[in-house]
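So this block is start.txt, compact mmCIF, C-alpha atoms:
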```txt
# COMPACT_ATOMS: atom_id res chain seq x y z
CA MET A 924 31.01 61.38 111.96
CA LYS A 925 29.36 63.47 109.24
CA THR A 926 30.77 66.33 107.18
CA ARG A 927 29.50 68.83 104.63
CA ALA A 928 31.25 68.57 101.29
CA ALA A 929 31.08 69.64 97.66
CA VAL A 930 30.82 66.58 95.42
CA LEU A 931 30.56 65.68 91.75
CA ARG A 932 28.38 62.70 90.93
CA LYS A 933 29.09 62.72 87.20
CA GLY A 934 30.94 64.80 84.63
CA GLY A 935 29.40 67.97 83.28
CA THR A 936 27.21 68.64 86.31
CA PRO A 937 27.54 71.42 88.91
CA TRP A 938 29.13 70.86 92.29
CA GLU A 939 26.57 69.66 94.83
CA ILE A 940 26.75 70.56 98.52
CA THR A 941 25.75 67.55 100.59
CA GLU A 942 26.48 65.72 103.83
CA LEU A 943 28.76 62.68 103.76
CA GLU A 944 29.56 60.00 106.29
CA LEU A 945 33.24 60.05 107.24
CA ASP A 946 34.99 56.98 108.60
CA PRO A 947 37.39 57.41 111.54
CA PRO A 948 41.11 57.24 110.77
CA LYS A 949 42.85 53.89 110.65
CA ALA A 950 46.52 53.24 111.41
CA ASN A 951 48.83 55.85 109.84
CA GLU A 952 45.89 58.09 108.92
CA VAL A 953 44.89 61.56 110.16
CA LEU A 954 41.55 63.28 110.76
CA ILE A 955 41.83 66.76 109.23
CA ARG A 956 39.65 69.82 109.74
CA MET A 957 39.86 71.78 106.52
CA GLU A 958 40.27 75.55 106.86
CA ALA A 959 40.85 76.60 103.25
CA ALA A 960 41.14 75.13 99.76
CA GLY A 961 42.29 76.70 96.51
CA LEU A 962 40.05 76.53 93.44
CA CYS A 963 42.27 74.71 90.95
CA HIS A 964 41.73 74.03 87.26
CA SER A 965 42.62 70.37 87.86
CA ASP A 966 39.28 69.85 89.62
CA GLU A 967 37.51 71.54 86.71
CA HIS A 968 39.11 69.05 84.33
CA ILE A 969 37.66 66.22 86.39
CA ARG A 970 34.26 67.91 86.24
CA ALA A 971 34.07 68.45 82.35
CA SER A 972 47.70 68.70 92.81
CA TYR A 973 48.86 67.50 95.85
CA ILE A 974 50.62 64.13 95.27
CA PRO A 975 50.94 61.69 98.22
CA VAL A 976 54.50 61.06 99.37
CA CYS A 977 55.31 57.69 100.95
CA GLY A 978 59.03 58.39 101.33
CA LYS A 979 59.89 54.76 100.59
CA CYS A 980 59.27 53.94 96.93
CA ARG A 981 61.96 54.13 94.26
CA TYR A 982 60.98 57.67 93.26
CA CYS A 983 60.71 59.15 96.75
CA SER A 984 63.98 57.56 97.82
CA THR A 985 65.77 59.11 94.83
CA GLY A 986 64.45 62.64 95.42
CA ARG A 987 61.50 62.57 93.01
CA GLN A 988 58.58 62.72 95.41
CA ASN A 989 56.29 64.17 92.75
CA LEU A 990 56.38 60.73 91.10
CA CYS A 991 55.55 58.75 94.26
CA ASP A 992 53.94 55.39 93.53
CA GLN A 993 51.16 56.27 95.99
CA GLY A 994 49.93 58.88 93.51
CA LEU A 995 48.36 56.13 91.38
CA ASN A 996 44.95 56.70 93.01
CA ALA A 997 45.00 60.51 92.83
CA ALA A 998 42.08 60.69 90.40
CA ILE A 999 40.12 57.90 92.11
CA GLY A 1000 40.52 59.18 95.65
CA CYS A 1001 40.87 55.97 97.63
CA LEU A 1002 43.53 55.68 100.30
CA PRO A 1003 46.61 53.40 100.05
CA ASP A 1004 44.65 50.39 101.34
CA LYS A 1005 42.29 50.78 98.33
CA THR A 1006 39.30 51.78 100.48
CA PHE A 1007 37.37 55.05 100.80
CA ARG A 1008 36.63 57.21 103.84
CA PHE A 1009 33.71 59.26 102.42
CA HIS A 1010 30.32 57.54 101.99
CA GLN A 1011 26.64 58.34 101.46
CA ASN A 1012 23.84 55.79 101.48
CA GLY A 1013 26.27 52.96 100.76
CA GLU A 1014 28.02 54.83 97.91
CA ASP A 1015 31.75 55.57 98.17
CA PHE A 1016 33.16 59.02 97.37
CA GLY A 1017 36.81 59.61 96.51
CA GLY A 1018 38.79 62.69 97.49
CA MET A 1019 40.58 64.50 94.65
CA CYS A 1020 44.31 63.72 94.89
CA VAL A 1021 43.49 61.48 97.89
CA VAL A 1022 42.73 64.64 99.90
CA GLY A 1023 39.19 65.91 99.33
CA SER A 1024 39.72 69.50 100.47
CA PHE A 1025 36.18 70.53 99.48
CA ALA A 1026 34.94 68.69 102.58
CA GLU A 1027 34.92 70.42 105.96
CA TYR A 1028 36.56 67.31 107.47
CA ALA A 1029 38.53 64.52 105.82
CA VAL A 1030 40.59 61.47 106.73
CA LEU A 1031 43.98 61.44 105.00
CA SER A 1032 46.91 59.11 104.80
CA GLU A 1033 49.99 60.36 106.61
CA PHE A 1034 51.58 60.39 103.15
CA SER A 1035 49.36 63.38 102.24
CA CYS A 1036 50.32 65.56 105.21
CA VAL A 1037 53.03 68.22 105.38
CA LYS A 1038 53.87 70.00 108.65
CA ILE A 1039 53.99 73.78 108.32
CA GLU A 1040 54.88 76.55 110.75
CA ASP A 1041 52.15 77.94 113.00
CA TYR A 1042 52.60 81.47 111.64
CA VAL A 1043 51.46 80.49 108.13
CA PRO A 1044 47.84 81.53 107.36
CA MET A 1045 45.80 78.57 106.18
CA GLU A 1046 44.62 80.40 103.06
CA LEU A 1047 48.22 80.77 101.91
CA ALA A 1048 49.11 77.21 102.85
CA ALA A 1049 46.21 76.07 100.65
CA LEU A 1050 47.76 77.86 97.69
CA VAL A 1051 51.23 76.44 98.24
CA SER A 1052 49.91 72.89 98.54
CA CYS A 1053 48.97 73.04 94.85
CA GLY A 1054 49.19 75.86 92.29
CA VAL A 1055 52.01 77.93 93.76
CA THR A 1056 54.39 75.02 94.10
CA THR A 1057 53.45 73.60 90.70
CA GLY A 1058 54.12 76.89 88.94
CA PHE A 1059 57.16 78.00 90.93
CA CYS A 1060 58.85 74.62 90.56
CA SER A 1061 57.92 74.36 86.87
CA ALA A 1062 60.39 77.20 86.49
CA ILE A 1063 63.12 76.32 88.96
CA TYR A 1064 63.06 72.51 88.63
CA ALA A 1065 61.25 71.24 85.53
CA GLY A 1066 62.42 74.23 83.50
CA ASP A 1067 65.75 74.61 85.31
CA VAL A 1068 65.73 78.38 84.71
CA ARG A 1069 69.19 79.79 85.32
CA VAL A 1070 70.60 83.25 85.99
CA GLY A 1071 70.61 85.25 82.77
CA ASP A 1072 68.13 82.99 80.95
CA THR A 1073 65.25 84.22 78.84
CA ALA A 1074 62.03 82.57 79.98
CA VAL A 1075 58.57 82.62 78.39
CA ILE A 1076 55.41 81.63 80.28
CA PHE A 1077 52.17 80.84 78.45
CA GLY A 1078 49.23 81.45 80.81
CA THR A 1079 49.19 83.63 83.92
CA GLY A 1080 46.56 82.01 86.15
CA GLY A 1081 47.19 80.51 89.55
CA VAL A 1082 49.94 78.24 88.20
CA GLY A 1083 51.39 80.44 85.48
CA MET A 1084 51.72 83.50 87.70
CA ASN A 1085 53.95 81.45 89.96
CA ALA A 1086 55.98 80.20 87.01
CA VAL A 1087 56.56 83.89 86.28
CA GLN A 1088 57.53 84.41 89.91
CA GLY A 1089 59.76 81.34 89.92
CA ALA A 1090 61.59 82.36 86.74
CA ALA A 1091 62.20 85.84 88.13
CA TYR A 1092 63.40 84.42 91.47
CA ALA A 1093 65.77 82.04 89.65
CA GLY A 1094 67.44 85.02 88.00
CA ALA A 1095 66.04 85.08 84.46
CA LYS A 1096 67.12 88.22 82.62
CA TYR A 1097 63.87 88.43 80.66
CA VAL A 1098 60.52 86.95 81.68
CA PHE A 1099 57.85 87.05 78.98
CA ALA A 1100 54.24 86.46 80.07
CA ILE A 1101 51.66 85.60 77.39
CA ASP A 1102 47.93 85.55 78.12
CA PRO A 1103 44.83 86.86 76.29
CA ASN A 1104 43.54 88.28 79.59
CA GLU A 1105 44.82 91.86 79.83
CA TRP A 1106 44.03 92.15 83.54
CA LYS A 1107 46.19 89.13 84.33
CA LEU A 1108 49.00 90.54 82.21
CA GLU A 1109 48.93 93.74 84.23
CA ARG A 1110 49.26 91.70 87.40
CA ALA A 1111 52.09 89.60 85.90
CA THR A 1112 54.48 92.56 86.08
CA GLU A 1113 53.97 92.61 89.86
CA PHE A 1114 55.22 89.02 90.02
CA GLY A 1115 58.34 89.55 87.93
CA ALA A 1116 57.38 89.63 84.25
CA THR A 1117 59.58 92.00 82.26
CA HIS A 1118 57.40 91.84 79.13
CA THR A 1119 53.73 90.97 78.66
CA PHE A 1120 51.78 90.08 75.51
CA SER A 1121 48.30 88.95 74.61
CA ASP A 1122 49.53 87.73 71.20
CA PRO A 1123 52.33 85.14 70.85
CA VAL A 1124 53.16 86.44 67.34
CA LYS A 1125 53.97 89.89 68.69
CA ALA A 1126 55.79 88.31 71.62
CA LYS A 1127 58.06 86.39 69.25
CA GLU A 1128 58.88 89.53 67.28
CA VAL A 1129 60.06 91.29 70.43
CA LEU A 1130 61.80 88.15 71.70
CA THR A 1131 63.69 87.75 68.42
CA ASP A 1132 64.85 91.35 68.50
CA LEU A 1133 65.75 91.32 72.18
CA THR A 1134 67.80 88.12 72.00
CA ARG A 1135 69.28 88.83 68.54
CA GLY A 1136 67.59 85.77 67.14
CA GLN A 1137 68.58 83.37 69.92
CA LEU A 1138 64.98 83.08 71.23
CA ALA A 1139 64.06 81.71 74.66
CA ASP A 1140 66.07 79.33 76.80
CA LYS A 1141 62.99 78.05 78.63
CA VAL A 1142 59.30 78.15 77.66
CA ILE A 1143 56.73 77.02 80.23
CA CYS A 1144 53.14 76.18 79.24
CA THR A 1145 50.66 76.56 82.08
CA VAL A 1146 47.45 77.42 80.23
CA GLY A 1147 44.25 75.86 81.55
CA GLU A 1148 43.29 74.27 78.23
CA MET A 1149 46.30 72.99 76.33
CA ASP A 1150 46.14 72.44 72.57
CA ASN A 1151 48.51 71.99 69.65
CA GLU A 1152 48.50 75.68 68.81
CA VAL A 1153 49.89 76.60 72.22
CA VAL A 1154 52.54 73.89 72.07
CA LYS A 1155 53.59 74.84 68.53
CA ALA A 1156 53.82 78.50 69.50
CA ALA A 1157 55.91 77.53 72.53
CA VAL A 1158 58.28 75.41 70.48
CA ASP A 1159 58.54 78.18 67.89
CA MET A 1160 59.75 80.60 70.58
CA THR A 1161 62.36 78.19 71.96
CA GLY A 1162 65.97 78.58 70.91
CA LYS A 1163 68.66 75.99 70.29
CA ALA A 1164 68.99 73.44 73.11
CA GLY A 1165 66.06 75.14 74.83
CA THR A 1166 63.42 73.44 77.00
CA ILE A 1167 59.62 73.47 76.60
CA VAL A 1168 57.86 72.57 79.85
CA ILE A 1169 54.32 71.21 79.64
CA THR A 1170 52.56 71.84 82.96
CA GLY A 1171 49.00 72.45 81.72
CA VAL A 1172 46.74 69.40 81.99
CA GLY A 1173 43.77 68.00 80.12
CA TYR A 1174 45.50 67.59 76.75
CA TYR A 1175 46.70 64.24 75.49
CA ASP A 1176 46.70 64.45 71.68
CA MET A 1177 49.91 66.38 71.08
CA VAL A 1178 51.15 66.14 67.51
CA LEU A 1179 54.48 67.73 66.62
CA PRO A 1180 56.79 67.19 63.65
CA GLY A 1181 59.96 65.64 65.03
CA GLY A 1182 62.14 67.99 63.03
CA ILE A 1183 61.18 71.07 65.05
CA LEU A 1184 62.64 69.40 68.13
CA ILE A 1185 65.52 67.51 66.57
CA GLY A 1186 66.87 70.27 64.35
CA TYR A 1187 67.34 72.69 67.23
CA HIS A 1188 68.15 70.03 69.87
CA ARG A 1189 65.12 71.21 71.81
CA ARG A 1190 63.77 69.32 74.81
CA LEU A 1191 60.08 68.71 75.60
CA GLN A 1192 59.68 68.24 79.36
CA GLY A 1193 56.51 67.03 81.06
CA SER A 1194 55.90 68.52 84.49
CA LEU A 1195 54.04 66.88 87.38
CA PHE A 1196 53.79 69.21 90.41
CA GLY A 1197 56.66 71.11 88.79
CA GLY A 1198 59.12 68.39 89.74
CA ALA A 1199 58.81 69.47 93.39
CA ASN A 1200 59.55 67.35 96.44
CA PRO A 1201 56.52 68.36 98.56
CA LEU A 1202 57.95 67.57 101.99
CA TYR A 1203 60.82 69.96 101.30
CA ASP A 1204 59.51 72.47 98.78
CA ILE A 1205 56.19 73.41 100.41
CA PRO A 1206 57.88 74.60 103.65
CA MET A 1207 60.70 76.13 101.58
CA ILE A 1208 58.34 78.26 99.51
CA LEU A 1209 56.43 79.33 102.61
CA SER A 1210 59.72 80.39 104.20
CA LEU A 1211 60.51 82.51 101.13
CA TRP A 1212 57.15 84.24 101.58
CA HIS A 1213 57.79 84.74 105.30
CA GLU A 1214 61.09 86.43 104.48
CA GLY A 1215 59.42 88.70 101.92
CA ARG A 1216 61.16 87.18 98.91
CA ILE A 1217 58.06 86.05 97.01
CA LYS A 1218 54.39 87.08 96.91
CA LEU A 1219 51.52 84.90 98.09
CA ASP A 1220 48.82 87.14 99.58
CA GLU A 1221 48.56 88.99 96.28
CA LEU A 1222 47.56 85.78 94.47
CA ILE A 1223 44.17 85.59 96.21
CA THR A 1224 41.62 87.46 94.15
CA LYS A 1225 38.46 86.42 95.95
CA ARG A 1226 37.32 84.24 98.84
CA TYR A 1227 34.24 81.99 98.68
CA THR A 1228 32.24 79.90 101.10
CA LEU A 1229 31.76 76.22 100.33
CA ASP A 1230 28.20 77.01 99.19
CA GLU A 1231 29.64 79.42 96.60
CA ILE A 1232 31.90 76.84 94.95
CA ASN A 1233 30.06 76.90 91.61
CA GLU A 1234 30.34 80.68 91.51
CA GLY A 1235 34.04 80.36 92.26
CA TYR A 1236 34.61 77.95 89.40
CA GLN A 1237 32.61 80.11 87.03
CA ASP A 1238 34.83 83.05 87.95
CA LEU A 1239 37.88 80.85 87.30
CA MET A 1240 36.60 79.88 83.85
CA ASP A 1241 35.73 83.51 83.10
CA GLY A 1242 39.30 84.59 83.87
CA LYS A 1243 38.31 86.81 86.81
CA ASN A 1244 40.66 85.26 89.37
CA ILE A 1245 44.32 84.58 89.68
CA ARG A 1246 43.29 82.26 92.46
CA GLY A 1247 40.01 81.91 94.29
CA VAL A 1248 39.97 80.29 97.73
CA ILE A 1249 37.25 78.36 99.53
CA VAL A 1250 37.25 79.34 103.22
CA HIS A 1251 35.42 76.72 105.25
CA GLN A 1252 32.95 78.05 107.84
CA HIS A 1253 33.02 75.81 110.92
```

Final structure tokens representation of the file:
Amino acid sequence: MKTRAAVLRKGGTPWEITELELDPPKANEVLIRMEAAGLCHSDEHIRASYIPVCGKCRYCSTGRQNLCDQGLNAAIGCLPDKTFRFHQNGEDFGGMCVVGSFAEYAVLSEFSCVKIEDYVPMELAALVSCGVTTGFCSAIYAGDVRVGDTAVIFGTGGVGMNAVQGAAYAGAKYVFAIDPNEWKLERATEFGATHTFSDPVKAKEVLTDLTRGQLADKVICTVGEMDNEVVKAAVDMTGKAGTIVITGVGYYDMVLPGGILIGYHRRLQGSLFGGANPLYDIPMILSLWHEGRIKLDELITKRYTLDEINEGYQDLMDGKNIRGVIVHQH
């Protein structure tokens, strides 16, 4: 069969809407009709994250599905048998995270599918399959935020806003949100932030006073473009035996003096999908929304058609959206 899709042929170019050939599913694969897809910064990094879950490898079998061995081809987009399902004129096309949700139809491995309840709107399910779960679980799992903790979140986009929400849900006494975008900071209070700042220097002054010099227990970095300045500011706001969670992607040249970690017994924690177990945590988070305990609808700032994908990503880069969503028109 054929399907319309947004593709990238090389880095630094706009998304192109084209028609691809789609192979039929093989054994243990599923033909999917896409209804909605979130616009995530991870795709933008590929241009300039749902992880497959096999349930059998060492990591899945020990409750760490976010580290599943089948995730090794997430950036390439081939299926577990090392072959592709999207083609055009003899050229293979990979699906981001072995999904390819910017196509109207896709063939997925069963490892990439999670059953959800019929009452869940597809637009919300699209959010929870990526940014919501990553942010929420960066707080409750990777960050291990506890009741009474002081938590600081750098960045309040589609991931960071849910780290705010996760920290508040976990019972943090204070939740600091830091972002240069004033509009996002205003929204952060709706998701559980107790204090908001555009400047980390001012944030630390208030944090120091509020905690009597103890600083934060957990600091979570979810900014779209990570750099040393963000990491240093995060470490500087972390108290003794505190944890700094690095969830933001696209940054691999971190340089930190060992003493600023060792002297305070601080912990630097990398975060892939927030440490979530997708088969459990995606339905769990959706159930929390269904019961009115967390917000999801309020995360969607604007909806786009597939043909408007470049506009959607420009809005993301311009800081206009908490989360934009592609709604496929069948």

Please check which residues have atoms at most 12 Å from (51.2, 75.1, 108.3) in the file's coordinates, counting all atoms listed in the file, and write them as a short mmCIF file (atom, residue, chain, number, x, y, z; two decimals) with C-alpha atoms, keeping the file's coordinate frame.
```cif
data_model
loop_
_atom_site.label_atom_id
_atom_site.label_comp_id
_atom_site.auth_asym_id
_atom_site.auth_seq_id
_atom_site.Cartn_x
_atom_site.Cartn_y
_atom_site.Cartn_z
CA MET A 957 39.86 71.78 106.52
CA GLU A 958 40.27 75.55 106.86
CA ALA A 959 40.85 76.60 103.25
CA CYS A 1036 50.32 65.56 105.21
CA VAL A 1037 53.03 68.22 105.38
CA LYS A 1038 53.87 70.00 108.65
CA ILE A 1039 53.99 73.78 108.32
CA GLU A 1040 54.88 76.55 110.75
CA ASP A 1041 52.15 77.94 113.00
CA TYR A 1042 52.60 81.47 111.64
CA VAL A 1043 51.46 80.49 108.13
CA PRO A 1044 47.84 81.53 107.36
CA MET A 1045 45.80 78.57 106.18
CA GLU A 1046 44.62 80.40 103.06
CA LEU A 1047 48.22 80.77 101.91
CA ALA A 1048 49.11 77.21 102.85
CA ALA A 1049 46.21 76.07 100.65
CA LEU A 1050 47.76 77.86 97.69
CA VAL A 1051 51.23 76.44 98.24
CA SER A 1052 49.91 72.89 98.54
CA LEU A 1202 57.95 67.57 101.99
CA ILE A 1205 56.19 73.41 100.41
CA PRO A 1206 57.88 74.60 103.65
CA MET A 1207 60.70 76.13 101.58
CA ILE A 1208 58.34 78.26 99.51
CA LEU A 1209 56.43 79.33 102.61
CA SER A 1210 59.72 80.39 104.20
#
```

**Q.** Test item: residues at most 12 Å from Gln1088 in chain A, all atoms listed in the file, excluding those fewer than 6 positions along its chain, as a PyMOL selection string
**A.** chain A and resi 1055-1063+1068+1074-1076+1079-1082+1094-1095+1097-1100+1110-1117+1208+1211-1212+1216-1219+1221-1222

Put those residues in a file: C-alpha atoms, as a PDB file, keeping the file's coordinate frame.
```pdb
ATOM      1  CA  VAL A1055      52.010  77.930  93.760  1.00  0.00           C
ATOM      2  CA  THR A1056      54.390  75.020  94.100  1.00  0.00           C
ATOM      3  CA  THR A1057      53.450  73.600  90.700  1.00  0.00           C
ATOM      4  CA  GLY A1058      54.120  76.890  88.940  1.00  0.00           C
ATOM      5  CA  PHE A1059      57.160  78.000  90.930  1.00  0.00           C
ATOM      6  CA  CYS A1060      58.850  74.620  90.560  1.00  0.00           C
ATOM      7  CA  SER A1061      57.920  74.360  86.870  1.00  0.00           C
ATOM      8  CA  ALA A1062      60.390  77.200  86.490  1.00  0.00           C
ATOM      9  CA  ILE A1063      63.120  76.320  88.960  1.00  0.00           C
ATOM     10  CA  VAL A1068      65.730  78.380  84.710  1.00  0.00           C
ATOM     11  CA  ALA A1074      62.030  82.570  79.980  1.00  0.00           C
ATOM     12  CA  VAL A1075      58.570  82.620  78.390  1.00  0.00           C
ATOM     13  CA  ILE A1076      55.410  81.630  80.280  1.00  0.00           C
ATOM     14  CA  THR A1079      49.190  83.630  83.920  1.00  0.00           C
ATOM     15  CA  GLY A1080      46.560  82.010  86.150  1.00  0.00           C
ATOM     16  CA  GLY A1081      47.190  80.510  89.550  1.00  0.00           C
ATOM     17  CA  VAL A1082      49.940  78.240  88.200  1.00  0.00           C
ATOM     18  CA  GLY A1094      67.440  85.020  88.000  1.00  0.00           C
ATOM     19  CA  ALA A1095      66.040  85.080  84.460  1.00  0.00           C
ATOM     20  CA  TYR A1097      63.870  88.430  80.660  1.00  0.00           C
ATOM     21  CA  VAL A1098      60.520  86.950  81.680  1.00  0.00           C
ATOM     22  CA  PHE A1099      57.850  87.050  78.980  1.00  0.00           C
ATOM     23  CA  ALA A1100      54.240  86.460  80.070  1.00  0.00           C
ATOM     24  CA  ARG A1110      49.260  91.700  87.400  1.00  0.00           C
ATOM     25  CA  ALA A1111      52.090  89.600  85.900  1.00  0.00           C
ATOM     26  CA  THR A1112      54.480  92.560  86.080  1.00  0.00           C
ATOM     27  CA  GLU A1113      53.970  92.610  89.860  1.00  0.00           C
ATOM     28  CA  PHE A1114      55.220  89.020  90.020  1.00  0.00           C
ATOM     29  CA  GLY A1115      58.340  89.550  87.930  1.00  0.00           C
ATOM     30  CA  ALA A1116      57.380  89.630  84.250  1.00  0.00           C
ATOM     31  CA  THR A1117      59.580  92.000  82.260  1.00  0.00           C
ATOM     32  CA  ILE A1208      58.340  78.260  99.510  1.00  0.00           C
ATOM     33  CA  LEU A1211      60.510  82.510 101.130  1.00  0.00           C
ATOM     34  CA  TRP A1212      57.150  84.240 101.580  1.00  0.00           C
ATOM     35  CA  ARG A1216      61.160  87.180  98.910  1.00  0.00           C
ATOM     36  CA  ILE A1217      58.060  86.050  97.010  1.00  0.00           C
ATOM     37  CA  LYS A1218      54.390  87.080  96.910  1.00  0.00           C
ATOM     38  CA  LEU A1219      51.520  84.900  98.090  1.00  0.00           C
ATOM     39  CA  GLU A1221      48.560  88.990  96.280  1.00  0.00           C
ATOM     40  CA  LEU A1222      47.560  85.780  94.470  1.00  0.00           C
TER      41      LEU A1222
END
```

Q | Straight-line distance linking CA of Gly1083 in chain A with CA of Gly1017 in chain A, stated in Å to one decimal | A |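 These atoms are spaced 27.7 Å apart.
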
Find the smallest box with edges along x, y and z containing every listed atom of range 939-945 of chain A, then add 4 Å on each side and report centre and edge lengths in Å to one decimal, as lines of an AutoDock Vina configuration file.
```
center_x = 29.5
center_y = 65.3
center_z = 101.0
size_x = 15.5
size_y = 18.6
size_z = 20.4
```

Q) What separation in Å, quoted to one decimal, exists between CA of Phe1034 in chain A and CA of Glu1148 in chain A? A)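 Distance between the two atoms: 29.7 Å.
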
For Phe1025 in chain A, find every residue with an atom within 12 Å (counting only C-alpha atoms), except residues of its own chain fewer than 5 positions away, and show them as an mmCIF file with C-alpha atoms, in the frame of the given file.
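The resulting file, result32.cif, is reproduced below:
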```cif
data_model
loop_
_atom_site.group_PDB
_atom_site.id
_atom_site.type_symbol
_atom_site.label_atom_id
_atom_site.label_comp_id
_atom_site.auth_asym_id
_atom_site.auth_seq_id
_atom_site.Cartn_x
_atom_site.Cartn_y
_atom_site.Cartn_z
ATOM 1 C CA THR A 926 30.770 66.330 107.180
ATOM 2 C CA ARG A 927 29.500 68.830 104.630
ATOM 3 C CA ALA A 928 31.250 68.570 101.290
ATOM 4 C CA ALA A 929 31.080 69.640 97.660
ATOM 5 C CA VAL A 930 30.820 66.580 95.420
ATOM 6 C CA LEU A 931 30.560 65.680 91.750
ATOM 7 C CA TRP A 938 29.130 70.860 92.290
ATOM 8 C CA GLU A 939 26.570 69.660 94.830
ATOM 9 C CA ILE A 940 26.750 70.560 98.520
ATOM 10 C CA THR A 941 25.750 67.550 100.590
ATOM 11 C CA GLU A 942 26.480 65.720 103.830
ATOM 12 C CA LEU A 943 28.760 62.680 103.760
ATOM 13 C CA ILE A 955 41.830 66.760 109.230
ATOM 14 C CA ARG A 956 39.650 69.820 109.740
ATOM 15 C CA MET A 957 39.860 71.780 106.520
ATOM 16 C CA GLU A 958 40.270 75.550 106.860
ATOM 17 C CA ALA A 959 40.850 76.600 103.250
ATOM 18 C CA ALA A 960 41.140 75.130 99.760
ATOM 19 C CA GLY A 961 42.290 76.700 96.510
ATOM 20 C CA LEU A 962 40.050 76.530 93.440
ATOM 21 C CA CYS A 963 42.270 74.710 90.950
ATOM 22 C CA ASP A 966 39.280 69.850 89.620
ATOM 23 C CA PHE A 1009 33.710 59.260 102.420
ATOM 24 C CA GLY A 1017 36.810 59.610 96.510
ATOM 25 C CA GLY A 1018 38.790 62.690 97.490
ATOM 26 C CA MET A 1019 40.580 64.500 94.650
ATOM 27 C CA CYS A 1020 44.310 63.720 94.890
ATOM 28 C CA ALA A 1049 46.210 76.070 100.650
ATOM 29 C CA TYR A 1227 34.240 81.990 98.680
ATOM 30 C CA THR A 1228 32.240 79.900 101.100
ATOM 31 C CA LEU A 1229 31.760 76.220 100.330
ATOM 32 C CA ASP A 1230 28.200 77.010 99.190
ATOM 33 C CA GLU A 1231 29.640 79.420 96.600
ATOM 34 C CA ILE A 1232 31.900 76.840 94.950
ATOM 35 C CA ASN A 1233 30.060 76.900 91.610
ATOM 36 C CA VAL A 1248 39.970 80.290 97.730
ATOM 37 C CA ILE A 1249 37.250 78.360 99.530
ATOM 38 C CA VAL A 1250 37.250 79.340 103.220
ATOM 39 C CA HIS A 1251 35.420 76.720 105.250
ATOM 40 C CA GLN A 1252 32.950 78.050 107.840
#
```

(Q) I need the residue nearest Leu1184 in chain A from this list: A:Pro937, A:Gly1162, A:Pro947, A:Pro1003. Use all atoms listed in the file for the distance. (A)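 Residue with the minimum atom-to-atom distance to Leu1184 in chain A: A:Gly1162.
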